[in-house]
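Participant: Okay, handing you the structure first.
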Amino acid sequence: MSPAPVPRGTVPGRRNAITDVPGVRVGHATRVGDGFLTGTTVVLLPPSGATAAVDVAGGGPATRDTAALDLRSGGANAHAVVLTGGSAYGLAAAGGVLEWLAADGRGAQPVGEAPEILLPLVPAAALFDLGRGGVFAARPDAAVGREAVRAAANSPAFAPVAQGCVGAGTGAVTAGMKGGIGTASTVLAGGTVVGALVAVNAHGSTLDPASGLPRAFHVGAEGEFPLTTPSGAEHAAAQHLLAESGRAPTGLELPNTVIGVLTTDAPLDPAAVHRLAVAGQRGMARAVSPVHTRTDGDTIFALSVAGTGAGAARDPVPAVLAAAEDAFARAIVHAVLRAVSVVTPFGRLVSYRELYPRACAALPGPRTLPGVGSR
């Protein structure tokens with residue numbers, strides 16, 4: 001088998017992660033075992049916050065504080081963004097993040113007569129993974145949110161981001177195949193950095209049905225995705241295994257969602273930040289099919305973390321938006337490639353690595369999570 005062809009031109013950041021954007025940190029809290037297969041991921045912003053926007057394109061979202069980002073109100077500054085499992089129940093994790101930020105003195109608006117107490121803005125989105133670890137009630141709460149934001153705050157600047165079955169991607173599934181967390185970044189010619197983080201739990205498939213390669217494989221930078229093109233025999237065997245895996249009982253065909261965050265150090269106004277979120281939806285459409293269905297809650301937050309990057313104003317907005325579209329699509333591919341198979345009480349959630357072992361021979365890391373037992 002020969003290596004699959006890849007394009008040239010995209011320049012990832014040093015970590016090829018959302019944390020390549022100055023001032024952005026990421027923390028995960030992961031729950032596996034004792035009925036859990038879920039978690040929460042927090043994107044922590046500088047204490048002053050960042051201009052924020054959101055675009056919701058799916059028919060079944062579970063979100064918090066998205067109305068505060070409405071352009072009709074002039075936009076707003078967010079201080080952290082929460083991606084979480086647990087469907088609408090898991091949005092409780094954002095409360096823990098809010099409490100931690102307030103205790104740390106972060107926020108923009110004094111509360112009542114106590115000027116030292118500020119009100120942070122913490123928009124959040126949740127994906128559906130309820131019951132995938134065996135217990136329906138095993139889902140993120142405020143304590144999980146606090147753990148994730150502490151992990152982000154304690155991480156160094158420009159730290160690598162754990163991917164795959166961690167944080168909000170722990171229980172994620174896409175078209176019967178194991179999903180997860182992925183990230184990517186791009187550095188533009190003028191120095192602007194664009195970063196993406198995504199939790200892939202899509203109703204649609206991330207795979208090209210003809211080749212077995214990820215749909216957005218061709219978007220990658222040179223050498224970014226070390227895959228070989230699957231042979232016809234490997235592709236046929238993978239499709240059979242995926243069909244068998246997809247017959248696992250309840251929980252897999254219920255509501256789904258792709259949720260994610262785009263950041264840049266380009267100084268964008270609220271309207272341009274909203275266009276950044278929309279660009280992420282276009283990137284999603286390049287990597288997943290179908291998208292934005294009635295059962296998906298596809299939600300993308302976008303943030304301009306301006307004033308921290310050298311030369312961040314030298315790249316035109318259209319170039320920033322194009323980079324965001326590509327970065328989001330690439331992050332989806334990383335989520336799929338970093339995910340590993342999981343044995344749960346109701347069946348095996350099979351990963352791309354298990355479906356295409358020869359094509360993935362050069363990928364580092366483990367292939368399977370420990371079994372997830374019920375209580």
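Chain lettering (A, B, ...) mirrors the order of the structure tokens, residue numbering begins at 1 for each chain separately, and ligand numbering begins at 1 in order of display.
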Running DSSP on the backbone, which parts of segment 57-250 of chain A land in alpha helix (DSSP H), as a PyMOL selection string?

Facilitator: chain A and resi 87-90+92-103+142-154+232-245

Participant: Could you name the residues that touch Val97 of chain A at 10 Å or less, counting only C-alpha atoms, but leaving out those on the same chain fewer than 5 positions away, as an mmCIF file with C-alpha atoms, in the first residue's frame?

Facilitator:
data_model
loop_
_atom_site.group_PDB
_atom_site.id
_atom_site.type_symbol
_atom_site.label_atom_id
_atom_site.label_comp_id
_atom_site.auth_asym_id
_atom_site.auth_seq_id
_atom_site.Cartn_x
_atom_site.Cartn_y
_atom_site.Cartn_z
ATOM 1 C CA VAL A 42 -13.012 23.645 29.123
ATOM 2 C CA LEU A 44 -10.079 28.850 29.319
ATOM 3 C CA HIS A 79 -14.277 34.031 29.882
ATOM 4 C CA ALA A 80 -14.391 30.303 29.198
ATOM 5 C CA VAL A 81 -16.273 27.895 26.946
ATOM 6 C CA VAL A 82 -17.520 24.504 28.107
ATOM 7 C CA ALA A 92 -24.440 21.572 35.050
ATOM 8 C CA ALA A 102 -15.711 34.004 40.022
ATOM 9 C CA ALA A 103 -13.574 32.729 42.902
ATOM 10 C CA PRO A 120 -18.145 35.638 34.243
ATOM 11 C CA LEU A 121 -19.772 34.555 30.989
ATOM 12 C CA VAL A 122 -19.434 30.814 30.344
ATOM 13 C CA ALA A 142 -20.445 21.045 38.625
ATOM 14 C CA ALA A 143 -17.558 19.167 40.263
ATOM 15 C CA VAL A 144 -16.505 17.793 36.876
ATOM 16 C CA GLY A 145 -16.593 21.325 35.460
ATOM 17 C CA ARG A 146 -14.402 22.626 38.274
ATOM 18 C CA GLU A 147 -11.923 19.809 37.673
ATOM 19 C CA ALA A 148 -11.714 20.634 33.952
ATOM 20 C CA VAL A 149 -11.226 24.384 34.426
ATOM 21 C CA ARG A 150 -8.567 23.775 37.107
#

Participant: Select from segment 15-206 of chain A everything DSSP, run on the backbone, classes as strand (DSSP E), then give the selection as a PyMOL selection string.

Facilitator: chain A and resi 25-33+36-44+50-56+63-64+76-78+80-84+109-111+114-119+124-126+173-174+177-178+180-187+193-201

Participant: A:Ala17, A:Cys165, A:Ala361, A:Val198: which is nearest Ala29 of chain A, counting only C-alpha atoms?

Facilitator: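 Smallest separation from Ala29 of chain A among the options: A:Cys165.
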
Participant: List the neighbours of Ala62 of chain A out to 10 Å using only C-alpha atoms; skip same-chain residues closer than 2 positions along the sequence, and give me the result as a list in words.

Facilitator: Val56, Gly59, Gly60, Arg64, Thr84, Gly86, Ser87, Ala88, Tyr89, Gly90, Leu91, Ala124, Ala125, Ala126, Leu127, Phe128, Thr257, Ile259, Asp296, Gly297, Asp298 and Thr299 of chain A

Participant: Skipping near chain neighbours, those fewer than 5 positions away, what residues fall within 12 Å of Ala266 of chain A using only C-alpha atoms, listed as a PyMOL selection string?

Facilitator: chain A and resi 21-22+50-51+187-188+190-195+272-273+276+302-321+323-324

Participant: Identify, on the basis of only C-alpha atoms, every residue whose closest approach to Arg139 of chain A does not exceed 9 Å; exclude the query and any residue fewer than 4 positions from it along the same chain; express the result as a short mmCIF file (atom, residue, chain, number, x, y, z; two decimals) with N, CA and C atoms, in the first residue's frame.

Facilitator:
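Result file follows (result_27.cif):
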data_model
loop_
_atom_site.label_atom_id
_atom_site.label_comp_id
_atom_site.auth_asym_id
_atom_site.auth_seq_id
_atom_site.Cartn_x
_atom_site.Cartn_y
_atom_site.Cartn_z
N ARG A 31 -14.42 10.81 32.87
CA ARG A 31 -15.00 9.82 33.77
C ARG A 31 -15.22 8.52 33.00
N PHE A 36 -19.78 5.22 34.17
CA PHE A 36 -19.47 6.46 33.45
C PHE A 36 -18.74 6.18 32.14
N LEU A 37 -19.06 6.94 31.13
CA LEU A 37 -18.26 7.06 29.92
C LEU A 37 -18.58 8.44 29.36
N THR A 38 -17.98 9.45 29.95
CA THR A 38 -18.35 10.83 29.66
C THR A 38 -17.26 11.76 30.18
N GLY A 39 -17.46 13.05 30.04
CA GLY A 39 -16.50 14.01 30.54
C GLY A 39 -16.81 15.42 30.07
N GLY A 85 -20.17 16.24 27.87
CA GLY A 85 -21.10 15.16 27.66
C GLY A 85 -22.29 15.33 28.58
N GLY A 86 -23.20 14.34 28.55
CA GLY A 86 -24.31 14.37 29.49
C GLY A 86 -25.57 15.01 28.98
N SER A 87 -25.61 15.40 27.68
CA SER A 87 -26.76 16.07 27.12
C SER A 87 -27.12 17.28 27.99
N TYR A 89 -28.39 17.53 30.83
CA TYR A 89 -27.98 17.36 32.23
C TYR A 89 -26.53 17.80 32.43
N GLY A 90 -25.67 17.50 31.44
CA GLY A 90 -24.26 17.80 31.58
C GLY A 90 -23.94 19.28 31.58
N ASP A 129 -24.40 11.54 25.28
CA ASP A 129 -23.70 10.28 25.54
C ASP A 129 -24.32 9.53 26.72
N LEU A 130 -25.55 9.87 27.06
CA LEU A 130 -26.19 9.31 28.25
C LEU A 130 -26.29 7.79 28.15
N GLY A 131 -25.88 7.13 29.22
CA GLY A 131 -26.01 5.68 29.31
C GLY A 131 -24.94 4.89 28.61
N VAL A 135 -24.75 3.46 32.94
CA VAL A 135 -25.66 4.07 33.91
C VAL A 135 -26.12 5.41 33.36
#

Participant: Taking only C-alpha atoms into account, name the residue in A:Val54, A:Ala137, A:Leu355, A:Val26 that is nearest to Phe158 of chain A.

Facilitator: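 Between A:Val54, A:Ala137, A:Leu355, A:Val26, the residue approaching Phe158 of chain A most closely is A:Val26.
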
Participant: Just to confirm, what's the straight-line distance from atom CA of His274 of chain A to atom CA of Leu118 of chain A in Å (one decimal)?

Facilitator: 25.5 Å

Participant: For Ser211 of chain A, list every protein, DNA or RNA residue within 8 Å, evaluated using only C-alpha atoms, and leave out those in the same chain fewer than 2 positions away; present the list as JSON, numbers by chain.

Facilitator: {"A": [208, 209, 213, 229, 230, 235]}

Participant: List the spatial neighbours of Arg215 of chain A as a PyMOL selection string - criterion: any atom at most 6 Å away, only C-alpha atoms, same-chain residues fewer than 6 positions off excluded.

Facilitator: chain A and resi 206-208+287

Participant: So which one's closest to Pro12 of chain A, A:Gly283, A:Gly220, A:Gly232, A:Pro226? Using only C-alpha atoms, please.

Facilitator: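 Ranked by minimum distance to Pro12 of chain A, first place goes to A:Gly220.
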